[in-house]
file query_13.cif (mmCIF, C-alpha atoms)
data_data
loop_
_atom_site.label_atom_id
_atom_site.label_comp_id
_atom_site.auth_asym_id
_atom_site.auth_seq_id
_atom_site.Cartn_x
_atom_site.Cartn_y
_atom_site.Cartn_z
CA MET A 1 -15.24 -36.76 -1.17
CA ILE A 2 -16.87 -40.13 -1.76
CA GLN A 3 -14.83 -43.18 -0.73
CA ARG A 4 -14.70 -46.48 -2.60
CA THR A 5 -13.26 -49.83 -1.56
CA LEU A 6 -10.04 -50.80 -3.31
CA GLY A 7 -10.99 -54.38 -4.13
CA LYS A 8 -10.06 -57.12 -1.71
CA THR A 9 -7.66 -54.84 0.17
CA ASN A 10 -10.81 -53.58 1.93
CA VAL A 11 -9.08 -50.18 2.11
CA LEU A 12 -11.29 -47.16 1.52
CA VAL A 13 -9.78 -44.59 -0.86
CA SER A 14 -11.12 -41.35 -2.28
CA GLU A 15 -12.72 -42.01 -5.65
CA ILE A 16 -10.68 -39.11 -7.02
CA ALA A 17 -7.02 -39.57 -6.12
CA LEU A 18 -3.90 -37.65 -7.16
CA GLY A 19 -1.55 -38.87 -9.86
CA CYS A 20 1.97 -37.66 -9.04
CA TRP A 21 3.68 -38.17 -12.40
CA GLN A 22 4.15 -34.42 -12.82
CA LEU A 23 4.30 -33.50 -9.12
CA GLY A 24 6.16 -30.25 -8.50
CA GLY A 25 5.61 -28.67 -11.91
CA LYS A 26 4.47 -29.29 -15.45
CA TRP A 27 5.77 -32.18 -17.52
CA GLY A 28 9.31 -31.51 -18.75
CA GLU A 29 9.98 -28.66 -16.32
CA PRO A 30 12.41 -28.76 -13.35
CA PHE A 31 11.08 -30.18 -10.08
CA ASN A 32 9.89 -27.55 -7.57
CA SER A 33 9.59 -28.86 -4.01
CA GLN A 34 7.42 -25.96 -2.84
CA VAL A 35 4.94 -26.48 -5.67
CA ALA A 36 4.94 -30.19 -4.86
CA GLU A 37 4.05 -29.57 -1.22
CA GLU A 38 1.34 -27.07 -2.15
CA THR A 39 -0.10 -29.57 -4.62
CA LEU A 40 -0.20 -32.38 -2.05
CA GLN A 41 -1.73 -30.08 0.58
CA SER A 42 -4.40 -28.93 -1.85
CA ALA A 43 -5.27 -32.57 -2.54
CA VAL A 44 -5.67 -33.33 1.17
CA ASP A 45 -7.75 -30.17 1.61
CA GLN A 46 -10.14 -31.50 -1.04
CA GLY A 47 -10.57 -34.81 0.77
CA ILE A 48 -8.20 -36.81 -1.42
CA THR A 49 -6.76 -39.70 0.57
CA CYS A 50 -4.86 -41.59 -2.13
CA PHE A 51 -1.66 -40.63 -3.99
CA ASP A 52 -0.27 -42.59 -6.95
CA THR A 53 3.43 -42.32 -7.77
CA ALA A 54 6.37 -44.41 -9.01
CA ASP A 55 10.00 -44.84 -8.12
CA VAL A 56 11.11 -43.32 -11.44
CA TYR A 57 8.87 -40.25 -11.38
CA ILE A 58 11.17 -37.23 -11.51
CA GLY A 59 14.07 -39.52 -10.63
CA GLY A 60 12.54 -40.37 -7.26
CA GLU A 61 11.64 -36.81 -6.29
CA SER A 62 7.91 -37.61 -6.47
CA GLU A 63 8.23 -40.35 -3.83
CA ARG A 64 10.56 -38.25 -1.67
CA ALA A 65 8.20 -35.26 -1.76
CA ILE A 66 5.29 -37.47 -0.69
CA GLY A 67 7.43 -38.94 2.09
CA ARG A 68 8.32 -35.49 3.44
CA PHE A 69 4.71 -34.37 3.20
CA MET A 70 3.32 -37.35 5.08
CA LYS A 71 5.64 -36.55 7.99
CA LYS A 72 4.01 -33.12 8.28
CA VAL A 73 0.32 -34.05 8.14
CA ASN A 74 -1.66 -35.89 10.75
CA GLN A 75 -3.87 -37.69 8.29
CA PRO A 76 -3.63 -41.17 6.78
CA ILE A 77 -2.77 -41.20 3.08
CA PHE A 78 -2.83 -44.41 1.05
CA VAL A 79 0.18 -44.31 -1.27
CA ILE A 80 0.38 -46.46 -4.39
CA THR A 81 3.84 -46.65 -5.92
CA LYS A 82 5.14 -48.50 -8.94
CA ILE A 83 8.45 -50.29 -9.52
CA GLY A 84 10.41 -51.82 -12.38
CA ARG A 85 11.16 -48.94 -14.71
CA TRP A 86 14.65 -48.37 -13.36
CA LEU A 87 15.59 -51.48 -15.32
CA ASN A 88 17.74 -50.68 -18.34
CA PRO A 89 17.14 -52.57 -20.50
CA HIS A 90 13.57 -53.05 -19.32
CA THR A 91 13.34 -56.82 -19.79
CA SER A 92 11.50 -59.62 -18.05
CA GLN A 93 14.82 -61.04 -16.80
CA GLY A 94 15.19 -57.95 -14.65
CA TYR A 95 12.12 -58.87 -12.62
CA ASN A 96 14.12 -61.09 -10.30
CA GLU A 97 14.20 -61.23 -6.51
CA GLU A 98 17.32 -59.12 -6.14
CA ASN A 99 15.96 -56.26 -8.22
CA LEU A 100 12.42 -56.38 -6.82
CA ARG A 101 13.76 -56.23 -3.27
CA LYS A 102 16.13 -53.40 -4.20
CA PHE A 103 13.34 -51.35 -5.78
CA ILE A 104 10.96 -51.92 -2.87
CA ASP A 105 13.61 -50.94 -0.31
CA GLN A 106 14.43 -47.83 -2.32
CA SER A 107 10.77 -46.80 -2.35
CA ARG A 108 10.48 -47.47 1.38
CA ASN A 109 13.44 -45.18 1.95
CA ASN A 110 12.09 -42.47 -0.36
CA LEU A 111 8.66 -42.54 1.29
CA GLN A 112 10.16 -42.92 4.79
CA VAL A 113 7.95 -45.86 5.71
CA GLU A 114 8.51 -49.36 7.04
CA ALA A 115 5.88 -50.87 4.74
CA LEU A 116 4.61 -49.66 1.40
CA ASP A 117 0.81 -49.40 1.25
CA MET A 118 0.64 -50.78 -2.28
CA VAL A 119 3.26 -51.69 -4.87
CA LEU A 120 2.42 -52.13 -8.56
CA LEU A 121 4.68 -53.63 -11.18
CA HIS A 122 5.09 -50.70 -13.56
CA CYS A 123 3.81 -51.89 -16.95
CA PRO A 124 6.25 -54.83 -17.09
CA PRO A 125 7.11 -56.67 -20.30
CA ALA A 126 4.41 -59.09 -21.44
CA ASP A 127 6.51 -62.12 -20.48
CA VAL A 128 6.35 -61.16 -16.80
CA PHE A 129 2.65 -62.03 -16.67
CA TYR A 130 3.61 -65.63 -17.45
CA MET A 131 6.26 -65.81 -14.70
CA PRO A 132 4.56 -67.02 -11.51
CA GLU A 133 7.88 -66.77 -9.67
CA VAL A 134 7.66 -62.97 -9.87
CA PHE A 135 4.34 -62.94 -8.02
CA ALA A 136 5.62 -65.53 -5.53
CA ILE A 137 8.47 -63.12 -4.66
CA LEU A 138 5.93 -60.35 -4.01
CA ASP A 139 3.90 -62.73 -1.86
CA GLN A 140 7.00 -63.44 0.24
CA ILE A 141 7.90 -59.75 0.62
CA LYS A 142 4.32 -59.12 1.73
CA VAL A 143 4.66 -61.85 4.38
CA GLU A 144 7.81 -60.08 5.58
CA GLY A 145 5.79 -56.89 6.11
CA LYS A 146 7.64 -54.67 3.65
CA ILE A 147 4.56 -54.25 1.46
CA LEU A 148 0.93 -54.41 2.53
CA HIS A 149 -0.68 -54.92 -0.87
CA TYR A 150 0.43 -55.36 -4.46
CA GLY A 151 -0.88 -55.34 -8.01
CA VAL A 152 0.09 -54.45 -11.56
CA SER A 153 -0.09 -51.42 -13.83
CA VAL A 154 -0.80 -52.58 -17.38
CA GLN A 155 -0.88 -51.37 -20.95
CA LYS A 156 -3.34 -53.91 -22.32
CA VAL A 157 -6.60 -55.50 -21.25
CA GLU A 158 -5.14 -58.94 -21.93
CA GLU A 159 -2.37 -58.28 -19.42
CA ALA A 160 -4.92 -57.26 -16.81
CA LEU A 161 -6.92 -60.45 -17.31
CA ILE A 162 -3.81 -62.61 -16.93
CA ALA A 163 -2.61 -60.70 -13.85
CA MET A 164 -5.90 -61.31 -12.06
CA GLU A 165 -5.24 -65.05 -12.23
CA TYR A 166 -2.65 -64.59 -9.48
CA PRO A 167 -4.44 -64.60 -6.09
CA GLY A 168 -2.06 -62.05 -4.58
CA VAL A 169 -2.92 -59.37 -7.14
CA GLU A 170 -5.30 -56.98 -5.37
CA ALA A 171 -5.50 -54.11 -7.87
CA ILE A 172 -4.98 -53.35 -11.54
CA GLU A 173 -4.04 -49.92 -12.82
CA ILE A 174 -5.22 -49.36 -16.38
CA ILE A 175 -5.93 -46.60 -18.90
CA PHE A 176 -9.65 -45.90 -19.13
CA ASN A 177 -11.34 -42.76 -20.40
CA MET A 178 -13.79 -41.48 -23.01
CA PHE A 179 -11.18 -42.36 -25.65
CA ARG A 180 -10.34 -45.83 -24.28
CA LEU A 181 -13.53 -47.81 -23.67
CA ARG A 182 -12.41 -51.40 -24.07
CA PRO A 183 -11.76 -52.06 -20.33
CA ALA A 184 -15.49 -51.59 -19.70
CA GLU A 185 -16.28 -54.73 -21.67
CA LEU A 186 -14.82 -57.93 -20.18
CA PHE A 187 -12.18 -56.58 -17.79
CA PHE A 188 -14.51 -54.64 -15.50
CA GLU A 189 -16.82 -57.62 -15.06
CA GLU A 190 -13.90 -59.90 -14.24
CA ALA A 191 -12.45 -57.37 -11.78
CA LYS A 192 -15.77 -57.20 -9.94
CA ARG A 193 -16.13 -60.97 -9.95
CA ARG A 194 -12.67 -61.43 -8.48
CA ASN A 195 -12.96 -58.40 -6.17
CA VAL A 196 -9.87 -56.77 -7.67
CA GLY A 197 -9.51 -53.01 -7.33
CA VAL A 198 -9.39 -50.87 -10.47
CA ILE A 199 -7.16 -47.79 -10.52
CA VAL A 200 -7.84 -45.63 -13.58
CA ARG A 201 -4.89 -43.79 -15.06
CA VAL A 202 -4.64 -41.29 -17.94
CA PRO A 203 -8.29 -40.35 -17.31
CA LEU A 204 -8.09 -37.14 -19.36
CA ALA A 205 -6.13 -38.65 -22.27
CA SER A 206 -3.00 -36.59 -21.52
CA GLY A 207 -5.09 -33.44 -21.39
CA LEU A 208 -7.00 -33.92 -24.64
CA LEU A 209 -10.22 -34.33 -22.67
CA THR A 210 -9.76 -31.01 -20.92
CA GLY A 211 -10.93 -29.41 -24.17
CA LYS A 212 -8.21 -26.77 -23.85
CA PHE A 213 -5.95 -27.89 -26.70
CA SER A 214 -6.08 -26.89 -30.36
CA LYS A 215 -4.03 -27.43 -33.51
CA GLU A 216 -2.02 -24.38 -32.48
CA SER A 217 -1.17 -25.65 -28.98
CA VAL A 218 2.57 -25.79 -28.29
CA PHE A 219 4.05 -28.33 -25.89
CA HIS A 220 7.37 -28.07 -24.04
CA GLU A 221 10.29 -29.76 -25.81
CA GLY A 222 10.57 -32.34 -23.02
CA ASP A 223 6.84 -33.03 -22.98
CA HIS A 224 5.84 -36.54 -24.12
CA ARG A 225 2.78 -35.00 -25.80
CA GLN A 226 5.17 -33.44 -28.28
CA SER A 227 7.78 -36.19 -28.59
CA ASN A 228 5.99 -39.50 -28.00
CA ARG A 229 3.01 -39.33 -30.34
CA HIS A 230 4.31 -42.33 -32.25
CA GLY A 231 5.88 -44.19 -29.34
CA GLU A 232 9.37 -42.71 -29.64
CA TRP A 233 10.00 -42.80 -25.86
CA PHE A 234 7.57 -45.39 -24.53
CA ASP A 235 4.28 -47.03 -25.43
CA ARG A 236 2.31 -44.55 -27.55
CA GLY A 237 -0.86 -45.50 -25.65
CA GLU A 238 0.44 -43.37 -22.76
CA THR A 239 0.23 -40.25 -24.95
CA PHE A 240 -3.29 -39.03 -25.76
CA SER A 241 -4.36 -42.64 -25.04
CA GLY A 242 -2.85 -43.59 -28.40
CA VAL A 243 -5.30 -41.41 -30.31
CA ASP A 244 -4.12 -39.37 -33.27
CA TYR A 245 -3.97 -35.76 -32.07
CA ALA A 246 -6.00 -34.23 -34.90
CA SER A 247 -8.82 -36.77 -34.73
CA GLY A 248 -8.79 -36.47 -30.93
CA LEU A 249 -9.39 -32.73 -31.23
CA HIS A 250 -12.29 -33.42 -33.58
CA ALA A 251 -13.85 -35.88 -31.14
CA VAL A 252 -13.47 -33.37 -28.30
CA GLU A 253 -15.44 -30.80 -30.27
CA GLU A 254 -18.23 -33.36 -30.63
CA LEU A 255 -18.15 -34.03 -26.88
CA LYS A 256 -18.51 -30.31 -26.22
CA LYS A 257 -21.77 -30.39 -28.17
CA VAL A 258 -23.07 -33.16 -25.89
CA PHE A 259 -22.07 -31.19 -22.77
CA PRO A 260 -22.37 -27.55 -23.92
CA ASN A 261 -22.71 -25.96 -20.51
CA GLU A 262 -20.35 -28.19 -18.57
CA THR A 263 -16.65 -28.20 -17.71
CA LEU A 264 -15.37 -31.02 -19.91
CA PRO A 265 -12.56 -32.37 -17.67
CA MET A 266 -14.98 -32.65 -14.76
CA ILE A 267 -17.49 -34.42 -17.00
CA ALA A 268 -14.77 -36.77 -18.26
CA LEU A 269 -13.97 -37.78 -14.68
CA ARG A 270 -17.64 -38.10 -13.74
CA TRP A 271 -18.14 -40.33 -16.78
CA ILE A 272 -15.49 -42.73 -15.42
CA LEU A 273 -17.17 -42.74 -11.99
CA MET A 274 -20.34 -44.04 -13.65
CA PHE A 275 -18.63 -47.47 -13.75
CA ASP A 276 -18.93 -49.23 -10.40
CA ALA A 277 -15.89 -51.44 -11.07
CA VAL A 278 -13.69 -48.36 -10.70
CA SER A 279 -12.11 -47.91 -7.27
CA THR A 280 -10.27 -44.63 -7.83
CA ILE A 281 -9.10 -42.29 -10.60
CA ILE A 282 -5.63 -40.72 -10.60
CA PRO A 283 -5.69 -37.48 -12.60
CA GLY A 284 -2.48 -35.49 -12.37
CA ALA A 285 -2.28 -31.80 -11.56
CA SER A 286 0.39 -29.14 -11.95
CA LYS A 287 -1.41 -26.54 -9.83
CA PRO A 288 -3.94 -26.49 -6.95
CA GLU A 289 -6.80 -25.14 -9.07
CA GLN A 290 -6.75 -28.30 -11.18
CA ILE A 291 -7.02 -30.45 -8.07
CA ILE A 292 -10.06 -28.52 -6.88
CA SER A 293 -11.75 -29.02 -10.25
CA ASN A 294 -10.88 -32.71 -10.29
CA ALA A 295 -12.23 -33.24 -6.79
CA GLN A 296 -15.48 -31.45 -7.60
CA ALA A 297 -16.19 -34.06 -10.29
CA SER A 298 -17.07 -36.40 -7.44
CA GLN A 299 -20.02 -34.18 -6.54
CA LEU A 300 -21.54 -33.90 -10.01
CA PRO A 301 -24.87 -35.62 -10.66
CA PRO A 302 -24.82 -38.87 -12.64
CA LEU A 303 -24.73 -38.62 -16.41
CA THR A 304 -27.96 -39.55 -18.14
CA PRO A 305 -28.35 -42.72 -20.22
CA THR A 306 -28.62 -40.51 -23.30
CA GLN A 307 -25.35 -38.76 -22.51
CA MET A 308 -23.60 -42.09 -21.90
CA LYS A 309 -24.87 -43.36 -25.25
CA GLN A 310 -23.68 -40.21 -27.04
CA VAL A 311 -20.17 -40.63 -25.63
CA GLN A 312 -20.16 -44.20 -26.90
CA LEU A 313 -21.28 -43.07 -30.37
CA ILE A 314 -18.51 -40.46 -30.57
CA TYR A 315 -15.98 -43.09 -29.55
CA ASP A 316 -17.30 -45.55 -32.13
CA LEU A 317 -17.18 -42.97 -34.90
CA TYR A 318 -13.87 -41.19 -34.29
CA ILE A 319 -11.71 -43.23 -31.93
CA LYS A 320 -12.50 -46.95 -31.82
CA HIS A 321 -10.70 -47.97 -35.01
CA GLN A 322 -7.46 -46.46 -33.68
CA VAL A 323 -7.26 -47.98 -30.21
CA HIS A 324 -9.84 -50.64 -29.44
CA THR A 325 -8.00 -53.77 -30.59
CA ARG A 326 -4.52 -52.39 -29.88
CA TRP A 327 -4.76 -52.02 -26.12
#

call {"tool": "encode", "arguments": {"input": "query_13.cif", "output": "structure tokens"}}
result
Amino acid sequence: MIQRTLGKTNVLVSEIALGCWQLGGKWGEPFNSQVAEETLQSAVDQGITCFDTADVYIGGESERAIGRFMKKVNQPIFVITKIGRWLNPHTSQGYNEENLRKFIDQSRNNLQVEALDMVLLHCPPADVFYMPEVFAILDQIKVEGKILHYGVSVQKVEEALIAMEYPGVEAIEIIFNMFRLRPAELFFEEAKRRNVGVIVRVPLASGLLTGKFSKESVFHEGDHRQSNRHGEWFDRGETFSGVDYASGLHAVEELKKVFPNETLPMIALRWILMFDAVSTIIPGASKPEQIISNAQASQLPPLTPTQMKQVQLIYDLYIKHQVHTRW
């Protein structure tokens, strides 16, 4: 597994990491601790050295499973966790010192560590990016040794650009995939200039870019891909990258013509790795076989200039008008 530097942290992480949103089972299904451990072990076996989670994932079970696992393996794992989504209502006023300290201590307890490797604010309200006191609190907690690094997970490119103005921000987590190209314009160049790490989330557009879905596909009742297509639960950009399902399926069929003899999800990950601003990608997995496939994307040869141009053309034709100026 190829390692990349996570911005100014100077920490080396596997360029394919593991997203732990659905750790221990498929989205909407009950948590299974044995499946979770098998998933984490499979990731380590493939050379993955970075896990991405959040305090709210599966009500904290994702963090706790990672904490138990790290006690069993004699191998360093860089764990990125996110905080803020326990707030109800989720408002900028909630990003105060009392709450931030409470969330960080809770994650430390769940992960069974003295210091968190990296904490990200979990897609906070837009006002938070204009509240320097929030980032000053994180700076102080870092001085105290409870966190080693911090950054922000964002919905929009504009939020990422503002966040990088704060010197303490060492990484930005952002949606980037074949159906969400805007980050590759200004944001990537700024991230490289400022030496800020880039963590890519939703790399397969909630599974659309696996090429396995059709108009007849049925999703579990508790699955956001069934119930959040118009932003009913949270930002619709989290579901299929904000792309209309039917037009997304059409675009996928066009991508299959560009890569007729390839495994599309592996190609989709390799496409992301073509951008040197990217530090690591966090695809999720509900079973070990998916992790093996994800990890193998790191070993694929580079895409050709013609293939890169064809992906851009498909995006411009079918996707751009839906998402480009929204996120």

call {"tool": "resolve_selection", "arguments": {"input": "query_13.cif", "expression": "the PyMOL selection byres ((chain A and resi 145) around 12)", "output": "list in words"}}
result
Ile104, Asp105, Arg108, Val113, Glu114, Ala115, Leu116, Asp117, Met118, Leu138, Asp139, Gln140, Ile141, Lys142, Val143, Glu144, Lys146, Ile147, Leu148, His149 and Tyr150 of chain A

call {"tool": "axis_aligned_box", "arguments": {"input": "query_13.cif", "around": "region 194-205 of chain A", "padding_each_side": "6 Å", "output": "lines of an AutoDock Vina configuration file"}}
result
center_x = -8.8
center_y = -49.3
center_z = -14.2
size_x = 20.3
size_y = 36.3
size_z = 28.1

call {"tool": "resolve_selection", "arguments": {"input": "query_13.cif", "expression": "the PyMOL selection byres ((chain A and resi 79-94) around 10)", "output": "ChimeraX atom specification"}}
result
/A:13,17-20,49-57,59,62-63,66-67,70,76-78,95-100,102-104,106-108,111,116-131,134,149-153,199

call {"tool": "write_last_selection", "arguments": {"input": "query_13.cif", "atoms": "C-alpha atoms", "output": "compact mmCIF listing (two decimals), keeping the file's coordinate frame"}}
result
# COMPACT_ATOMS: atom_id res chain seq x y z
CA VAL A 13 -9.78 -44.59 -0.86
CA ALA A 17 -7.02 -39.57 -6.12
CA LEU A 18 -3.90 -37.65 -7.16
CA GLY A 19 -1.55 -38.87 -9.86
CA CYS A 20 1.97 -37.66 -9.04
CA THR A 49 -6.76 -39.70 0.57
CA CYS A 50 -4.86 -41.59 -2.13
CA PHE A 51 -1.66 -40.63 -3.99
CA ASP A 52 -0.27 -42.59 -6.95
CA THR A 53 3.43 -42.32 -7.77
CA ALA A 54 6.37 -44.41 -9.01
CA ASP A 55 10.00 -44.84 -8.12
CA VAL A 56 11.11 -43.32 -11.44
CA TYR A 57 8.87 -40.25 -11.38
CA GLY A 59 14.07 -39.52 -10.63
CA SER A 62 7.91 -37.61 -6.47
CA GLU A 63 8.23 -40.35 -3.83
CA ILE A 66 5.29 -37.47 -0.69
CA GLY A 67 7.43 -38.94 2.09
CA MET A 70 3.32 -37.35 5.08
CA PRO A 76 -3.63 -41.17 6.78
CA ILE A 77 -2.77 -41.20 3.08
CA PHE A 78 -2.83 -44.41 1.05
CA TYR A 95 12.12 -58.87 -12.62
CA ASN A 96 14.12 -61.09 -10.30
CA GLU A 97 14.20 -61.23 -6.51
CA GLU A 98 17.32 -59.12 -6.14
CA ASN A 99 15.96 -56.26 -8.22
CA LEU A 100 12.42 -56.38 -6.82
CA LYS A 102 16.13 -53.40 -4.20
CA PHE A 103 13.34 -51.35 -5.78
CA ILE A 104 10.96 -51.92 -2.87
CA GLN A 106 14.43 -47.83 -2.32
CA SER A 107 10.77 -46.80 -2.35
CA ARG A 108 10.48 -47.47 1.38
CA LEU A 111 8.66 -42.54 1.29
CA LEU A 116 4.61 -49.66 1.40
CA ASP A 117 0.81 -49.40 1.25
CA MET A 118 0.64 -50.78 -2.28
CA VAL A 119 3.26 -51.69 -4.87
CA LEU A 120 2.42 -52.13 -8.56
CA LEU A 121 4.68 -53.63 -11.18
CA HIS A 122 5.09 -50.70 -13.56
CA CYS A 123 3.81 -51.89 -16.95
CA PRO A 124 6.25 -54.83 -17.09
CA PRO A 125 7.11 -56.67 -20.30
CA ALA A 126 4.41 -59.09 -21.44
CA ASP A 127 6.51 -62.12 -20.48
CA VAL A 128 6.35 -61.16 -16.80
CA PHE A 129 2.65 -62.03 -16.67
CA TYR A 130 3.61 -65.63 -17.45
CA MET A 131 6.26 -65.81 -14.70
CA VAL A 134 7.66 -62.97 -9.87
CA HIS A 149 -0.68 -54.92 -0.87
CA TYR A 150 0.43 -55.36 -4.46
CA GLY A 151 -0.88 -55.34 -8.01
CA VAL A 152 0.09 -54.45 -11.56
CA SER A 153 -0.09 -51.42 -13.83
CA ILE A 199 -7.16 -47.79 -10.52

call {"tool": "atom_distance", "arguments": {"input": "query_13.cif", "atom1": "CA of Lys72 (chain A)", "atom2": "CA of Ser293 (chain A)"}}
result
24.7 Å

call {"tool": "atom_distance", "arguments": {"input": "query_13.cif", "atom1": "CA of Arg4 (chain A)", "atom2": "CA of Leu40 (chain A)"}}
result
20.2 Å

call {"tool": "resolve_selection", "arguments": {"input": "query_13.cif", "expression": "the PyMOL selection byres ((chain A and resi 14) around 9)", "output": "ChimeraX atom specification"}}
result
/A:1-5,12-13,15-17,47-50,279-281

call {"tool": "residues_around", "arguments": {"input": "query_13.cif", "residues": "region 249-257 of chain A", "least_positions_apart": "6", "cutoff": "10 Å", "atoms": "only C-alpha atoms", "output": "PyMOL selection string"}}
result
chain A and resi 178-179+208-215+243+263-264+267-268+307+310-311+314-315+317-319

call {"tool": "residues_around", "arguments": {"input": "query_13.cif", "residues": "Thr239 (chain A)", "least_positions_apart": "4", "cutoff": "8 Å", "atoms": "only C-alpha atoms", "output": "ChimeraX atom specification"}}
result
/A:205-206,224-225,228-229,235,243

call {"tool": "write_last_selection", "arguments": {"input": "query_13.cif", "atoms": "C-alpha atoms", "output": "short mmCIF file (atom, residue, chain, number, x, y, z; two decimals), in the coordinates of the input"}}
result
data_model
loop_
_atom_site.label_atom_id
_atom_site.label_comp_id
_atom_site.auth_asym_id
_atom_site.auth_seq_id
_atom_site.Cartn_x
_atom_site.Cartn_y
_atom_site.Cartn_z
CA ALA A 205 -6.13 -38.65 -22.27
CA SER A 206 -3.00 -36.59 -21.52
CA HIS A 224 5.84 -36.54 -24.12
CA ARG A 225 2.78 -35.00 -25.80
CA ASN A 228 5.99 -39.50 -28.00
CA ARG A 229 3.01 -39.33 -30.34
CA ASP A 235 4.28 -47.03 -25.43
CA VAL A 243 -5.30 -41.41 -30.31
#

call {"tool": "atom_distance", "arguments": {"input": "query_13.cif", "atom1": "CA of Lys156 (chain A)", "atom2": "CA of Ser217 (chain A)"}}
result
29.1 Å

call {"tool": "closest_residue", "arguments": {"input": "query_13.cif", "among": "A:Phe187, A:Phe69, A:Phe259, A:Phe176", "to": "Ser241 (chain A)", "atoms": "all atoms listed in the file"}}
result
A:Phe176

call {"tool": "residues_around", "arguments": {"input": "query_13.cif", "residues": "region 299-306 of chain A", "least_positions_apart": "6", "cutoff": "10 Å", "atoms": "all atoms listed in the file", "output": "PDB file with C-alpha atoms, in the frame of the given file"}}
result
ATOM      1  CA  MET A   1     -15.240 -36.760  -1.170  1.00  0.00           C
ATOM      2  CA  ILE A   2     -16.870 -40.130  -1.760  1.00  0.00           C
ATOM      3  CA  VAL A 258     -23.070 -33.160 -25.890  1.00  0.00           C
ATOM      4  CA  MET A 266     -14.980 -32.650 -14.760  1.00  0.00           C
ATOM      5  CA  ILE A 267     -17.490 -34.420 -17.000  1.00  0.00           C
ATOM      6  CA  LEU A 269     -13.970 -37.780 -14.680  1.00  0.00           C
ATOM      7  CA  ARG A 270     -17.640 -38.100 -13.740  1.00  0.00           C
ATOM      8  CA  TRP A 271     -18.140 -40.330 -16.780  1.00  0.00           C
ATOM      9  CA  LEU A 273     -17.170 -42.740 -11.990  1.00  0.00           C
ATOM     10  CA  MET A 274     -20.340 -44.040 -13.650  1.00  0.00           C
ATOM     11  CA  GLN A 312     -20.160 -44.200 -26.900  1.00  0.00           C
TER      12      GLN A 312
END

call {"tool": "closest_residue", "arguments": {"input": "query_13.cif", "among": "A:Leu161, A:Ile174, A:Trp21, A:Glu289", "to": "Arg194 (chain A)", "atoms": "all atoms listed in the file"}}
result
A:Leu161
